[in-house]
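Here's the structure, in structure tokens; my notes come after.
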Amino acid sequence: MLVRDWMTRNPVTVTPDTPVMDALKILKEGGFRRLPVLDGHGRLVGITTRKDLKDAMPSKATTLSVWELNYLLSKLTVDEMMARPVITAAEGEYMEDAALRMQEHHVGGLPVLNDAGQLSGIITTMDILRAFTGILGMREGGQRLTLDMPDVPGSLEKATHAILPSNIISVATFGGENGRRRFVMRVSGEGVRDVRDRVRAAGIDVLD
């Protein structure tokens, strides 16, 4: 599961000299939260967000006149508000690596670069959620099982044999504490109505 399979391609961009008010308008009309910033040669030089731009707006408590406010805002550009250097993702890297980088840097999106170092997309929290729900087979129906088993070789094999003849749509695991691991599965097809009984009969703890 690679970044290129889930990213939003050809994102809308701005330049460093784009007025802040114009950038805010682009974000509002497009319904998104961040804009990669490209220089005149098409190189990624920064990224700006709706919050960054709104933070640049004068306080409602300001004593400036309307004329003074409009003048100041007309002079304020994205270059003064954008974040740099930019934390990026590569098209060919794994989604989980990009998601971990987003978590570590507390950002909601990463511009994506191709092999030539050019901007080709953007990956956001929403894309991560789409990938997550896709991996878990949320749109494929079936039943969800959470199994608690020893964290040893052969546990998954034992569970898959017990689930037969039902079909396993997805598998995810977590835990590993105290020698136990939880397996979250989604199953469908033949025998799904009695799948929990078969798994319990195999000596496996079914949590839900």
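By convention here, the chains of the structure tokens are called A, B, ... in the order presented, each chain's residues are numbered starting at 1, and ligands are numbered starting at 1 in the order presented.
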
Inset, instruction - Skip stretch 148-160 of chain A itself and residues of its chain fewer than 6 positions away, then list as an MDAnalysis selection string all residues within 7 Å of it, counting only C-alpha atoms. - result: chainID A and resid 176 179:183 199 204:207

Inset, instruction - Enumerate, as number ranges by chain, the complete set of residues in stretch 27-154 of chain A that a backbone-based DSSP assignment places in alpha helix (DSSP H). - result: A: 27-30, 50-55, 66-75, 95-105, 125-135

Inset, instruction - Would you please work out which residue, of A:Met1, A:Val187, A:Val192, A:Met126, is nearest to A:Arg144 when using only C-alpha atoms? - result: A:Val187

Legend entry - Who sits within 6 Å of stretch 6-23 of chain A, only C-alpha atoms, same chain under 5 positions skipped, as number ranges by chain: A: 35-39, 76-79, 120-123

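Nearest residue to A:Val184 among A:Glu91, A:Glu140, A:Asp97, A:Asp208 is A:Asp208, counting only C-alpha atoms.
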
Inset, instruction - Write out as a PyMOL selection string the residues lying within 9 Å of A:Gly92, counting only C-alpha atoms and excluding same-chain residues fewer than 5 positions away. - result: chain A and resi 2-4+114-115

Inset, instruction - Work out how far apart atom CA of A:Ala131 and atom CA of A:Gly117 are and give it in Å to one decimal. - result: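 Distance reported for this atom pair: 24.2 Å.
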
Inset, instruction - Go through A:Ser188, A:Thr88, A:Thr48, A:Ser74 and flag the residue nearest A:Leu145, using only C-alpha atoms for the distances. - result: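 For A:Leu145, the nearest of the given residues is A:Ser188.
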
Legend entry - All residues 12 Å or closer to A:Arg193, only C-alpha atoms, same chain fewer than 2 positions away omitted, as number ranges by chain: A: 142-145, 163-166, 187-191, 195-199

Inset, instruction - Any chance you could list, as a PyMOL selection string, the residues in chain A that come up strand (DSSP E or B) when DSSP is run on the backbone? - result: chain A and resi 2+8-9+14+19+34-38+44-49+77+83+89-90+94+109-113+119-124+143-150+167-175+180-188+205-206
